[in-house]
file my_file-v9.cif (mmCIF, C-alpha atoms and all ligand atoms)
data_entry
loop_
_atom_site.label_atom_id
_atom_site.label_comp_id
_atom_site.auth_asym_id
_atom_site.auth_seq_id
_atom_site.Cartn_x
_atom_site.Cartn_y
_atom_site.Cartn_z
CA MET A 271 13.87 -10.68 38.07
CA SER A 272 16.04 -13.53 39.30
CA THR A 273 18.77 -13.34 41.93
CA ILE A 274 22.28 -14.69 41.48
CA LEU A 275 24.56 -15.68 44.35
CA LEU A 276 28.32 -15.61 43.74
CA VAL A 277 30.42 -17.87 45.95
CA ILE A 278 34.11 -17.61 45.14
CA ALA A 279 37.18 -18.78 47.06
CA GLY A 280 40.78 -18.54 45.89
CA TRP A 281 40.10 -15.95 43.16
CA ASP A 282 39.31 -12.23 43.46
CA PRO A 283 35.51 -12.24 44.04
CA GLU A 284 35.19 -8.46 43.52
CA ALA A 285 36.19 -8.67 39.85
CA TRP A 286 33.46 -11.29 39.28
CA LEU A 287 30.90 -9.27 41.24
CA ALA A 288 31.61 -6.09 39.25
CA ARG A 289 31.33 -7.94 35.95
CA PHE A 290 28.10 -9.78 36.91
CA ARG A 291 26.55 -6.50 38.06
CA ALA A 292 27.65 -4.70 34.88
CA LEU A 293 26.23 -7.34 32.54
CA GLY A 294 23.47 -8.78 34.73
CA GLY A 295 20.61 -6.98 33.00
CA GLY A 296 18.89 -5.88 36.22
CA ARG A 297 19.24 -9.23 38.02
CA GLU A 298 20.22 -8.90 41.66
CA VAL A 299 23.74 -10.20 42.27
CA ARG A 300 24.83 -11.04 45.82
CA LEU A 301 28.28 -12.03 47.00
CA TRP A 302 28.58 -14.79 49.60
CA PRO A 303 28.51 -14.62 52.63
CA ASP A 304 25.97 -11.77 52.19
CA VAL A 305 23.25 -14.14 51.04
CA GLY A 306 20.27 -12.11 52.33
CA ASP A 307 17.10 -14.21 52.26
CA PRO A 308 18.32 -17.62 50.99
CA ALA A 309 14.85 -18.34 49.57
CA ASN A 310 15.43 -15.58 46.99
CA ILE A 311 18.48 -17.20 45.37
CA ASP A 312 17.72 -18.65 41.93
CA TYR A 313 21.23 -19.32 40.62
CA ALA A 314 24.51 -20.06 42.39
CA CYS A 315 27.71 -19.28 40.44
CA VAL A 316 30.55 -20.88 42.35
CA TRP A 317 34.24 -21.64 42.64
CA LYS A 318 35.19 -23.83 45.62
CA PRO A 319 31.99 -23.23 47.62
CA PRO A 320 31.93 -24.25 51.30
CA ALA A 321 30.51 -27.73 51.99
CA GLY A 322 26.81 -27.67 52.83
CA LEU A 323 26.14 -24.33 51.10
CA PHE A 324 23.59 -25.62 48.59
CA ALA A 325 21.41 -27.19 51.28
CA THR A 326 20.82 -23.69 52.65
CA LEU A 327 19.37 -22.41 49.33
CA PRO A 328 15.84 -23.90 49.08
CA CYS A 329 14.76 -22.34 45.74
CA LEU A 330 17.91 -22.89 43.68
CA ARG A 331 17.23 -23.50 39.97
CA ALA A 332 20.77 -24.25 38.71
CA ILE A 333 24.40 -24.29 39.82
CA PHE A 334 27.15 -22.85 37.59
CA SER A 335 30.77 -23.81 38.06
CA LEU A 336 32.89 -20.78 37.18
CA GLY A 337 35.52 -23.14 35.77
CA ALA A 338 35.55 -26.09 33.40
CA GLY A 339 36.05 -28.53 36.27
CA VAL A 340 33.38 -29.36 38.84
CA ASP A 341 35.39 -31.41 41.35
CA HIS A 342 35.41 -28.34 43.64
CA LEU A 343 31.66 -28.64 44.20
CA ILE A 344 30.57 -32.16 43.35
CA GLU A 345 31.64 -33.77 46.60
CA ASP A 346 29.11 -31.74 48.58
CA VAL A 347 26.88 -34.45 50.04
CA ALA A 348 23.88 -32.10 50.07
CA LEU A 349 23.84 -31.23 46.35
CA PRO A 350 20.26 -30.42 45.35
CA ALA A 351 18.65 -32.03 42.30
CA VAL A 352 19.21 -29.06 39.98
CA PRO A 353 21.36 -28.93 36.83
CA ILE A 354 25.08 -28.37 37.37
CA VAL A 355 26.62 -26.48 34.47
CA ARG A 356 30.33 -26.06 33.71
CA ILE A 357 32.21 -23.52 31.60
CA VAL A 358 32.89 -24.29 27.96
CA ASP A 359 34.22 -21.15 26.29
CA SER A 360 36.66 -20.45 23.48
CA ASN A 361 38.59 -18.02 25.70
CA LEU A 362 39.37 -20.75 28.22
CA THR A 363 39.97 -23.38 25.55
CA ARG A 364 42.44 -21.22 23.62
CA ARG A 365 44.44 -20.41 26.71
CA MET A 366 44.69 -24.10 27.63
CA THR A 367 45.85 -24.84 24.08
CA GLU A 368 48.54 -22.15 24.46
CA TYR A 369 49.74 -23.72 27.71
CA VAL A 370 49.85 -27.23 26.26
CA VAL A 371 51.61 -26.21 23.04
CA LEU A 372 54.12 -24.14 25.03
CA HIS A 373 54.99 -26.97 27.42
CA VAL A 374 55.08 -29.70 24.78
CA LEU A 375 57.54 -27.53 22.86
CA LEU A 376 59.60 -26.81 25.99
CA HIS A 377 60.15 -30.56 26.49
CA HIS A 378 60.46 -31.36 22.80
CA ARG A 379 63.10 -28.62 22.31
CA ARG A 380 64.89 -29.54 25.60
CA MET A 381 64.59 -26.06 27.07
CA LYS A 382 65.90 -27.08 30.51
CA LEU A 383 69.15 -28.16 28.80
CA TYR A 384 69.52 -24.83 27.02
CA GLU A 385 68.73 -22.90 30.19
CA ALA A 386 71.56 -24.80 31.91
CA GLN A 387 73.91 -24.23 28.97
CA GLN A 388 73.12 -20.52 28.95
CA HIS A 389 73.80 -20.37 32.68
CA ALA A 390 77.19 -22.09 32.07
CA ARG A 391 77.96 -19.91 28.97
CA GLN A 392 78.15 -23.09 26.88
CA TRP A 393 77.64 -23.03 23.09
CA ARG A 394 76.56 -26.52 21.91
CA ASP A 395 74.56 -26.36 18.68
CA ASP A 396 73.21 -29.94 18.46
CA ILE A 397 70.54 -30.51 15.81
CA GLU A 398 67.10 -30.78 17.41
CA ARG A 399 64.74 -33.54 16.26
CA PRO A 400 61.60 -32.57 14.30
CA ALA A 401 58.14 -32.73 15.89
CA SER A 402 57.24 -35.54 13.50
CA GLU A 403 59.55 -37.84 15.50
CA VAL A 404 57.82 -37.12 18.82
CA ARG A 405 54.69 -38.90 20.06
CA VAL A 406 52.40 -36.81 22.24
CA GLY A 407 49.66 -38.61 24.18
CA ILE A 408 46.75 -36.70 25.66
CA LEU A 409 44.79 -38.11 28.61
CA GLY A 410 41.30 -36.60 28.32
CA MET A 411 39.93 -35.86 24.87
CA GLY A 412 37.11 -33.53 25.86
CA VAL A 413 36.76 -29.88 24.92
CA LEU A 414 40.29 -28.97 26.04
CA GLY A 415 42.09 -32.17 25.04
CA ARG A 416 40.69 -32.15 21.55
CA ALA A 417 41.58 -28.49 20.89
CA ALA A 418 45.16 -29.03 22.09
CA ALA A 419 45.45 -32.22 20.02
CA GLU A 420 44.41 -30.37 16.87
CA ALA A 421 46.97 -27.60 17.49
CA LEU A 422 49.75 -30.14 18.09
CA VAL A 423 48.86 -32.00 14.90
CA GLN A 424 49.24 -28.71 13.02
CA ILE A 425 52.79 -28.36 14.37
CA GLY A 426 53.59 -31.85 13.15
CA PHE A 427 53.60 -33.97 16.34
CA ARG A 428 52.33 -37.54 16.26
CA VAL A 429 49.30 -37.17 18.50
CA ALA A 430 47.13 -39.74 20.27
CA GLY A 431 44.33 -39.26 22.77
CA TRP A 432 42.74 -41.39 25.48
CA SER A 433 39.20 -40.97 26.74
CA ARG A 434 36.39 -42.96 28.32
CA SER A 435 34.38 -43.19 25.10
CA ARG A 436 35.73 -43.74 21.58
CA LYS A 437 36.57 -40.64 19.49
CA SER A 438 37.29 -40.06 15.84
CA ILE A 439 39.51 -37.01 15.22
CA PRO A 440 41.34 -36.44 11.92
CA GLY A 441 45.09 -36.94 12.32
CA VAL A 442 44.80 -38.22 15.90
CA GLU A 443 45.15 -41.85 16.98
CA THR A 444 42.49 -42.53 19.57
CA PHE A 445 42.29 -44.98 22.47
CA ALA A 446 39.35 -45.60 24.78
CA GLY A 447 38.86 -47.05 28.23
CA LYS A 448 41.07 -48.89 30.68
CA THR A 449 41.74 -51.78 28.33
CA GLU A 450 43.49 -49.50 25.81
CA LEU A 451 45.42 -47.37 28.30
CA ARG A 452 48.58 -49.51 28.24
CA ARG A 453 48.81 -49.41 24.43
CA PHE A 454 48.30 -45.63 24.51
CA LEU A 455 51.08 -45.19 27.08
CA ALA A 456 53.48 -47.47 25.24
CA ARG A 457 53.46 -45.14 22.19
CA THR A 458 53.76 -41.88 24.18
CA ASP A 459 56.89 -39.71 24.64
CA ILE A 460 55.19 -36.60 26.05
CA LEU A 461 52.15 -37.32 28.22
CA VAL A 462 49.69 -34.44 28.64
CA CYS A 463 46.90 -34.78 31.19
CA MET A 464 43.64 -32.84 30.85
CA LEU A 465 41.35 -35.25 32.67
CA PRO A 466 38.72 -34.20 35.19
CA LEU A 467 39.24 -35.31 38.78
CA THR A 468 36.71 -38.04 39.58
CA PRO A 469 36.76 -41.22 41.69
CA ALA A 470 37.84 -43.06 38.50
CA THR A 471 40.80 -40.77 37.72
CA ARG A 472 42.15 -39.86 41.17
CA GLY A 473 45.81 -40.88 41.50
CA LEU A 474 46.04 -42.12 37.91
CA LEU A 475 49.39 -40.37 37.32
CA SER A 476 51.42 -42.89 39.32
CA TYR A 477 54.84 -44.50 39.07
CA ASP A 478 53.25 -47.60 37.57
CA LEU A 479 51.67 -45.48 34.81
CA PHE A 480 54.96 -43.66 34.11
CA ARG A 481 56.73 -47.01 33.75
CA GLY A 482 54.27 -47.83 30.96
CA LEU A 483 55.34 -44.85 28.80
CA ALA A 484 57.56 -45.32 25.73
CA ARG A 485 61.26 -45.92 26.50
CA ASP A 486 62.49 -45.69 22.90
CA GLY A 487 61.64 -42.05 22.06
CA VAL A 488 64.00 -39.39 20.73
CA LEU A 489 63.82 -37.41 24.00
CA GLY A 490 65.67 -40.19 25.85
CA ALA A 491 62.84 -40.65 28.36
CA PRO A 492 59.21 -39.53 28.54
CA ALA A 493 57.97 -36.20 29.92
CA LEU A 494 54.79 -35.41 31.87
CA ILE A 495 52.54 -32.35 31.62
CA ASN A 496 49.60 -32.13 34.04
CA ALA A 497 47.09 -29.31 33.59
CA GLY A 498 44.08 -31.30 34.87
CA ARG A 499 43.98 -31.46 38.66
CA GLY A 500 46.52 -32.10 41.38
CA GLY A 501 44.46 -35.02 42.69
CA LEU A 502 45.20 -36.90 39.47
CA GLN A 503 48.89 -37.09 40.35
CA VAL A 504 50.85 -38.95 43.03
CA GLU A 505 53.57 -36.42 43.75
CA VAL A 506 56.00 -38.76 45.50
CA ASP A 507 55.79 -40.97 42.41
CA ILE A 508 56.57 -38.05 40.08
CA LEU A 509 59.64 -37.19 42.17
CA ARG A 510 60.78 -40.82 42.21
CA ALA A 511 60.29 -41.10 38.44
CA LEU A 512 62.22 -37.86 37.79
CA ASP A 513 65.02 -38.90 40.09
CA ASP A 514 65.51 -42.40 38.64
CA GLY A 515 65.13 -41.31 35.00
CA THR A 516 61.72 -42.87 34.36
CA LEU A 517 60.65 -39.32 33.48
CA ILE A 518 62.98 -36.81 31.85
CA GLY A 519 60.97 -33.78 32.94
CA ALA A 520 57.60 -32.47 34.06
CA SER A 521 55.38 -29.42 33.71
CA LEU A 522 52.95 -29.15 36.59
CA ASP A 523 50.20 -26.54 36.69
CA VAL A 524 48.19 -28.28 39.41
CA PHE A 525 49.15 -29.84 42.74
CA GLU A 526 47.83 -32.09 45.51
CA THR A 527 47.91 -29.00 47.77
CA GLU A 528 47.34 -25.53 46.34
CA PRO A 529 48.91 -23.05 46.68
CA LEU A 530 52.01 -25.25 46.39
CA PRO A 531 53.60 -25.21 49.89
CA PRO A 532 56.95 -23.36 50.15
CA ALA A 533 58.65 -26.59 51.26
CA SER A 534 57.64 -28.53 48.13
CA PRO A 535 60.67 -29.95 46.29
CA PHE A 536 58.99 -29.06 42.97
CA TRP A 537 59.81 -25.36 43.39
CA THR A 538 63.52 -25.94 42.90
CA HIS A 539 63.59 -29.23 40.97
CA ALA A 540 65.89 -28.88 37.97
CA LYS A 541 63.62 -30.99 35.75
CA VAL A 542 60.30 -29.34 36.62
CA TYR A 543 58.33 -26.36 35.37
CA VAL A 544 55.88 -25.08 38.01
CA THR A 545 52.94 -22.80 37.16
CA PRO A 546 50.29 -21.68 39.69
CA HIS A 547 47.14 -23.43 38.38
CA ASN A 548 46.64 -20.79 35.73
CA ALA A 549 47.05 -22.77 32.51
CA ALA A 550 43.56 -21.55 31.69
CA GLN A 551 42.33 -19.71 34.75
CA SER A 552 38.79 -18.38 34.43
CA ASP A 553 38.73 -14.72 33.47
CA PRO A 554 35.60 -12.82 34.57
CA GLN A 555 36.05 -10.34 31.72
CA ALA A 556 35.56 -13.18 29.24
CA LEU A 557 33.35 -15.69 31.06
CA VAL A 558 30.59 -13.80 32.89
CA ALA A 559 28.79 -13.18 29.60
CA ASN A 560 28.89 -16.94 28.97
CA VAL A 561 27.21 -17.72 32.32
CA LEU A 562 24.62 -14.96 31.89
CA ALA A 563 23.77 -16.22 28.40
CA GLN A 564 23.03 -19.62 29.95
CA ILE A 565 20.81 -18.06 32.64
CA GLU A 566 18.96 -16.16 29.93
CA ARG A 567 18.43 -19.41 28.00
CA HIS A 568 17.08 -21.07 31.12
CA GLU A 569 14.69 -18.19 31.78
CA ARG A 570 13.43 -18.39 28.17
CA GLY A 571 12.66 -22.07 28.69
CA LEU A 572 15.58 -23.32 26.55
CA PRO A 573 17.76 -26.20 27.74
CA LEU A 574 20.98 -25.36 29.59
CA GLU A 575 24.19 -26.38 27.81
CA HIS A 576 27.18 -28.28 29.26
CA ILE A 577 25.32 -29.89 32.13
CA ILE A 578 27.56 -32.40 33.87
CA ASP A 579 26.75 -36.06 34.46
CA ARG A 580 26.60 -36.41 38.24
CA LYS A 581 27.18 -40.16 38.18
CA LEU A 582 30.41 -39.75 36.18
CA GLY A 583 31.44 -36.67 38.17
CA TYR A 584 32.31 -34.45 35.18
P1 LIG S 601 35.57 -32.48 29.30
O1 LIG S 601 34.52 -32.98 30.20
O2 LIG S 601 35.18 -31.83 28.01
O3 LIG S 601 36.60 -33.65 28.93
C1 LIG S 601 37.01 -34.61 29.85
C2 LIG S 601 37.69 -35.73 29.09
O4 LIG S 601 38.21 -36.68 30.04
C3 LIG S 601 36.73 -36.50 28.18
O5 LIG S 601 37.37 -36.86 26.99
C4 LIG S 601 36.41 -37.75 29.01
O6 LIG S 601 36.05 -38.88 28.24
C5 LIG S 601 37.74 -37.98 29.68
N1 LIG S 601 37.58 -38.82 30.87
C6 LIG S 601 36.88 -38.55 32.00
N2 LIG S 601 36.94 -39.60 32.84
C7 LIG S 601 37.68 -40.52 32.23
C8 LIG S 601 38.10 -41.84 32.59
N3 LIG S 601 37.76 -42.39 33.76
N4 LIG S 601 38.86 -42.53 31.72
C9 LIG S 601 39.20 -41.98 30.52
N5 LIG S 601 38.84 -40.75 30.12
C10 LIG S 601 38.09 -40.03 30.96
O7 LIG S 601 36.46 -31.47 30.16
P2 LIG S 601 37.39 -30.29 29.64
O8 LIG S 601 38.21 -30.77 28.53
O9 LIG S 601 36.60 -29.06 29.47
O10 LIG S 601 38.29 -30.06 30.96
C11 LIG S 601 39.09 -31.11 31.47
C12 LIG S 601 39.64 -30.75 32.84
O11 LIG S 601 40.68 -29.77 32.71
C13 LIG S 601 38.69 -30.10 33.82
O12 LIG S 601 37.85 -31.08 34.43
C14 LIG S 601 39.62 -29.45 34.81
O13 LIG S 601 39.94 -30.36 35.83
C15 LIG S 601 40.87 -29.17 33.98
N6 LIG S 601 41.08 -27.73 33.79
C16 LIG S 601 42.23 -27.16 34.28
C17 LIG S 601 42.50 -25.84 34.09
C18 LIG S 601 43.76 -25.23 34.54
O14 LIG S 601 43.91 -23.99 34.50
N7 LIG S 601 44.75 -26.03 34.94
C19 LIG S 601 41.55 -24.96 33.39
C20 LIG S 601 40.38 -25.65 32.91
C21 LIG S 601 40.16 -26.99 33.12
P3 LIG S 601 34.71 -38.86 27.33
O15 LIG S 601 35.03 -37.91 26.18
O16 LIG S 601 34.57 -40.25 26.89
O17 LIG S 601 33.62 -38.34 28.20
C1 LIG S 602 38.94 -24.87 35.70
C2 LIG S 602 40.20 -24.39 36.30
O1 LIG S 602 38.47 -25.97 36.03
O2 LIG S 602 40.52 -23.19 36.16
O3 LIG S 602 38.40 -24.14 34.85
O4 LIG S 602 40.91 -25.17 36.92
#
call {"tool": "encode", "arguments": {"input": "my_file-v9.cif", "output": "structure tokens"}}
result
Amino acid sequence: MSTILLVIAGWDPEAWLARFRALGGGREVRLWPDVGDPANIDYACVWKPPAGLFATLPCLRAIFSLGAGVDHLIEDVALPAVPIVRIVDSNLTRRMTEYVVLHVLLHHRRMKLYEAQQHARQWRDDIERPASEVRVGILGMGVLGRAAAEALVQIGFRVAGWSRSRKSIPGVETFAGKTELRRFLARTDILVCMLPLTPATRGLLSYDLFRGLARDGVLGAPALINAGRGGLQVEVDILRALDDGTLIGASLDVFETEPLPPASPFWTHAKVYVTPHNAAQSDPQALVANVLAQIERHERGLPLEHIIDRKLGY
């Protein structure tokens, strides 16, 4: 029987341990730092592992990220030459779609305005514009971006997506690569980011990019929603853009520093929704079975699914 090592920072490791042990089918499950004999570890299931960890596990057969993203582990300079697998699961995908639909609607239906009016006991019943007049642009058309795009199309938004490689998705206008980014931005009123954090995407959400968004939309100015990673955004640029009207509002689930420091101006900014990196946080109740099914496949000699491309970093 194989041995699994769980290495989890920032989430409750005990909930993962209990679930792995309950469903593990007799496999030994150890929780870092109680590694025991490192030569016994076959699989590492990790969230934000310490740098250098993998080099201490000489018989590792595969690494599983317990989230969809792998930026938390990929920068380890001593990554062994074993497959790195990420989570793709309908539970996670649906919750990200909920978050994106919710926040697109909050900006589309000007919820900050109505919160302020409620606070001031003001009754102003302006007619709201229909979704068909609003252009949503999604950065990252992978598993999560595509699902959110399809849900937004159903509601009636005009949806476009941008990715590295060309896509063809019914009802969605698609753009690919750096050369088409400007055209994508120029037709976007609500920008939603679900990109992975890689050397190619770090800092992409900058003032220069915000200036490229549509200026003629029905919202008055474009809005930003980032549910990818904090490293994708330049926070001083978001603040500048909100303060000078380049952006009308923002929903931020991820931050350059997490947890968001108490002194961050985002906490109290009148144009910002802050959520604590839980747009689609991994739930052990739903996802442990997914990881174990992959381990079972591997042990039966079947190929692992959702292996990342190390060169691309996602
Ligand atoms: P995927 O790998 O399925 O999709 C990534 C998408 O980004 C792909 O469309 C890819 O293009 C595109 N992309 C990557 N690099 C570039 C680039 N340089 N230029 C243009 N497009 C690029 O990932 P998921 O959809 O599963 O997840 C996306 C990210 O969401 C995760 O990496 C993670 O950071 C974040 N996330 C956040 C959560 C939260 O709670 N806030 C929860 C889960 C995930 P192509 O299709 O051509 O490969
Ligand atoms: C993920 C996350 O990558 O929760 O899955 O951020």
call {"tool": "closest_residue", "arguments": {"input": "my_file-v9.cif", "among": "A:Ala563, A:Leu336, A:Ala540, A:Met381", "to": "ligand LIG 601 (chain S)", "atoms": "all atoms listed in the file"}}
result
A:Leu336
call {"tool": "residues_near_ligand", "arguments": {"input": "my_file-v9.cif", "ligand": "ligand LIG 602 (chain S)", "cutoff": "9 Å", "atoms": "all atoms listed in the file", "output": "mmCIF file with C-alpha atoms, in the coordinates of the input"}}
result
data_model
loop_
_atom_site.group_PDB
_atom_site.id
_atom_site.type_symbol
_atom_site.label_atom_id
_atom_site.label_comp_id
_atom_site.auth_asym_id
_atom_site.auth_seq_id
_atom_site.Cartn_x
_atom_site.Cartn_y
_atom_site.Cartn_z
ATOM 1 C CA TRP A 317 34.240 -21.640 42.640
ATOM 2 C CA SER A 335 30.770 -23.810 38.060
ATOM 3 C CA LEU A 336 32.890 -20.780 37.180
ATOM 4 C CA GLY A 337 35.520 -23.140 35.770
ATOM 5 C CA ALA A 338 35.550 -26.090 33.400
ATOM 6 C CA GLY A 339 36.050 -28.530 36.270
ATOM 7 C CA VAL A 340 33.380 -29.360 38.840
ATOM 8 C CA ASP A 341 35.390 -31.410 41.350
ATOM 9 C CA HIS A 342 35.410 -28.340 43.640
ATOM 10 C CA ARG A 356 30.330 -26.060 33.710
ATOM 11 C CA ILE A 357 32.210 -23.520 31.600
ATOM 12 C CA VAL A 358 32.890 -24.290 27.960
ATOM 13 C CA LEU A 362 39.370 -20.750 28.220
ATOM 14 C CA PRO A 466 38.720 -34.200 35.190
ATOM 15 C CA ALA A 497 47.090 -29.310 33.590
ATOM 16 C CA GLY A 498 44.080 -31.300 34.870
ATOM 17 C CA ARG A 499 43.980 -31.460 38.660
ATOM 18 C CA VAL A 524 48.190 -28.280 39.410
ATOM 19 C CA HIS A 547 47.140 -23.430 38.380
ATOM 20 C CA ASN A 548 46.640 -20.790 35.730
ATOM 21 C CA ALA A 549 47.050 -22.770 32.510
ATOM 22 C CA ALA A 550 43.560 -21.550 31.690
ATOM 23 C CA GLN A 551 42.330 -19.710 34.750
ATOM 24 C CA SER A 552 38.790 -18.380 34.430
#
call {"tool": "closest_residue", "arguments": {"input": "my_file-v9.cif", "among": "A:Leu582, A:Val504, A:Leu375, A:Val442", "to": "ligand LIG 601 (chain S)", "atoms": "only C-alpha atoms and all ligand atoms"}}
result
A:Leu582
call {"tool": "residues_around", "arguments": {"input": "my_file-v9.cif", "residues": "Tyr369 in chain A", "least_positions_apart": "4", "cutoff": "12 Å", "atoms": "all atoms listed in the file", "output": "PyMOL selection string"}}
result
chain A and resi 362-365+373-376+414-415+417-418+421-422+462-464+495-498+521-523+543+545+547-551
call {"tool": "closest_residue", "arguments": {"input": "my_file-v9.cif", "among": "A:Pro350, A:Leu530, A:Gly295, A:Asp553", "to": "Ala325 in chain A", "atoms": "only C-alpha atoms"}}
result
A:Pro350
call {"tool": "atom_distance", "arguments": {"input": "my_file-v9.cif", "atom1": "atom C17 of ligand LIG 601 (chain S)", "atom2": "CA of Ala520 in chain A"}}
result
16.5 Å
call {"tool": "closest_residue", "arguments": {"input": "my_file-v9.cif", "among": "A:Ala493, A:Lys437, A:Ile344, A:Gly473", "to": "Leu455 in chain A", "atoms": "only C-alpha atoms"}}
result
A:Ala493
call {"tool": "residues_around", "arguments": {"input": "my_file-v9.cif", "residues": "range 481-487 of chain A", "least_positions_apart": "2", "cutoff": "12 Å", "atoms": "all atoms listed in the file", "output": "VMD selection string"}}
result
chain A and resid 378 399 401 to 407 428 451 to 462 475 to 479 489 to 494 507 to 508 510 to 512 514 to 518
call {"tool": "axis_aligned_box", "arguments": {"input": "my_file-v9.cif", "around": "range 506-510 of chain A", "padding_each_side": "3 Å", "output": "lines of an AutoDock Vina configuration file"}}
result
center_x = 58.3
center_y = -39.1
center_z = 42.8
size_x = 11.0
size_y = 9.8
size_z = 11.4
call {"tool": "closest_residue", "arguments": {"input": "my_file-v9.cif", "among": "A:Glu450, A:Asp395, A:Glu526, A:Glu385", "to": "Ser435 in chain A", "atoms": "only C-alpha atoms"}}
result
A:Glu450
call {"tool": "residues_around", "arguments": {"input": "my_file-v9.cif", "residues": "Arg580 in chain A", "least_positions_apart": "6", "cutoff": "12 Å", "atoms": "all atoms listed in the file", "output": "list in words"}}
result
Val340, Asp341, Leu343, Ile344, Glu345, Asp346, Val347, Leu349, Pro350, Ala351, Val352, Pro353, Ile354, Val355, Arg356, Thr468 and Pro469 of chain A
call {"tool": "closest_residue", "arguments": {"input": "my_file-v9.cif", "among": "A:Val413, A:Leu557, A:Cys329, A:Ile578", "to": "Asn310 in chain A", "atoms": "all atoms listed in the file"}}
result
A:Cys329
call {"tool": "atom_distance", "arguments": {"input": "my_file-v9.cif", "atom1": "CA of Leu301 in chain A", "atom2": "CA of Leu562 in chain A"}}
result
15.8 Å
call {"tool": "decode", "arguments": {"input": "my_file-v9.cif", "residues": "range 395-400 of chain A", "atoms": "all heavy atoms", "output": "PDB file, in the first residue's frame"}}
result
ATOM      1  N   ASP A 395     -35.547  55.461  -8.118  1.00  0.00           N
ATOM      2  CA  ASP A 395     -35.839  54.235  -8.871  1.00  0.00           C
ATOM      3  C   ASP A 395     -35.472  54.361 -10.347  1.00  0.00           C
ATOM      4  O   ASP A 395     -36.309  54.186 -11.223  1.00  0.00           O
ATOM      5  CB  ASP A 395     -37.308  53.835  -8.693  1.00  0.00           C
ATOM      6  CG  ASP A 395     -38.268  54.903  -9.185  1.00  0.00           C
ATOM      7  OD1 ASP A 395     -37.806  56.036  -9.458  1.00  0.00           O
ATOM      8  OD2 ASP A 395     -39.463  54.603  -9.314  1.00  0.00           O
ATOM      9  N   ASP A 396     -34.195  54.659 -10.628  1.00  0.00           N
ATOM     10  CA  ASP A 396     -33.720  54.723 -12.024  1.00  0.00           C
ATOM     11  C   ASP A 396     -33.881  53.365 -12.692  1.00  0.00           C
ATOM     12  O   ASP A 396     -33.749  52.332 -12.028  1.00  0.00           O
ATOM     13  CB  ASP A 396     -32.227  55.077 -12.071  1.00  0.00           C
ATOM     14  CG  ASP A 396     -31.959  56.447 -11.491  1.00  0.00           C
ATOM     15  OD1 ASP A 396     -32.903  57.259 -11.434  1.00  0.00           O
ATOM     16  OD2 ASP A 396     -30.817  56.689 -11.072  1.00  0.00           O
ATOM     17  N   ILE A 397     -34.112  53.374 -14.001  1.00  0.00           N
ATOM     18  CA  ILE A 397     -34.192  52.101 -14.732  1.00  0.00           C
ATOM     19  C   ILE A 397     -32.775  51.572 -14.950  1.00  0.00           C
ATOM     20  O   ILE A 397     -31.897  52.302 -15.414  1.00  0.00           O
ATOM     21  CB  ILE A 397     -34.919  52.288 -16.075  1.00  0.00           C
ATOM     22  CG1 ILE A 397     -36.401  52.612 -15.800  1.00  0.00           C
ATOM     23  CG2 ILE A 397     -34.800  51.033 -16.949  1.00  0.00           C
ATOM     24  CD1 ILE A 397     -37.222  52.886 -17.018  1.00  0.00           C
ATOM     25  N   GLU A 398     -32.565  50.321 -14.587  1.00  0.00           N
ATOM     26  CA  GLU A 398     -31.249  49.694 -14.788  1.00  0.00           C
ATOM     27  C   GLU A 398     -31.146  49.170 -16.228  1.00  0.00           C
ATOM     28  O   GLU A 398     -32.144  48.747 -16.806  1.00  0.00           O
ATOM     29  CB  GLU A 398     -31.078  48.546 -13.794  1.00  0.00           C
ATOM     30  CG  GLU A 398     -30.866  48.999 -12.364  1.00  0.00           C
ATOM     31  CD  GLU A 398     -29.516  49.665 -12.149  1.00  0.00           C
ATOM     32  OE1 GLU A 398     -28.545  49.281 -12.822  1.00  0.00           O
ATOM     33  OE2 GLU A 398     -29.438  50.585 -11.313  1.00  0.00           O
ATOM     34  N   ARG A 399     -29.937  49.178 -16.762  1.00  0.00           N
ATOM     35  CA  ARG A 399     -29.722  48.716 -18.139  1.00  0.00           C
ATOM     36  C   ARG A 399     -29.754  47.183 -18.174  1.00  0.00           C
ATOM     37  O   ARG A 399     -29.378  46.529 -17.194  1.00  0.00           O
ATOM     38  CB  ARG A 399     -28.349  49.195 -18.672  1.00  0.00           C
ATOM     39  CG  ARG A 399     -28.074  50.675 -18.536  1.00  0.00           C
ATOM     40  CD  ARG A 399     -29.184  51.541 -19.067  1.00  0.00           C
ATOM     41  NE  ARG A 399     -29.581  51.189 -20.426  1.00  0.00           N
ATOM     42  CZ  ARG A 399     -30.742  51.548 -20.991  1.00  0.00           C
ATOM     43  NH1 ARG A 399     -31.625  52.250 -20.283  1.00  0.00           N
ATOM     44  NH2 ARG A 399     -31.005  51.194 -22.224  1.00  0.00           N
ATOM     45  N   PRO A 400     -30.181  46.593 -19.293  1.00  0.00           N
ATOM     46  CA  PRO A 400     -30.175  45.124 -19.383  1.00  0.00           C
ATOM     47  C   PRO A 400     -28.769  44.566 -19.590  1.00  0.00           C
ATOM     48  O   PRO A 400     -27.877  45.266 -20.089  1.00  0.00           O
ATOM     49  CB  PRO A 400     -31.040  44.847 -20.615  1.00  0.00           C
ATOM     50  CG  PRO A 400     -30.938  46.084 -21.436  1.00  0.00           C
ATOM     51  CD  PRO A 400     -30.729  47.234 -20.497  1.00  0.00           C
TER      52      PRO A 400
END
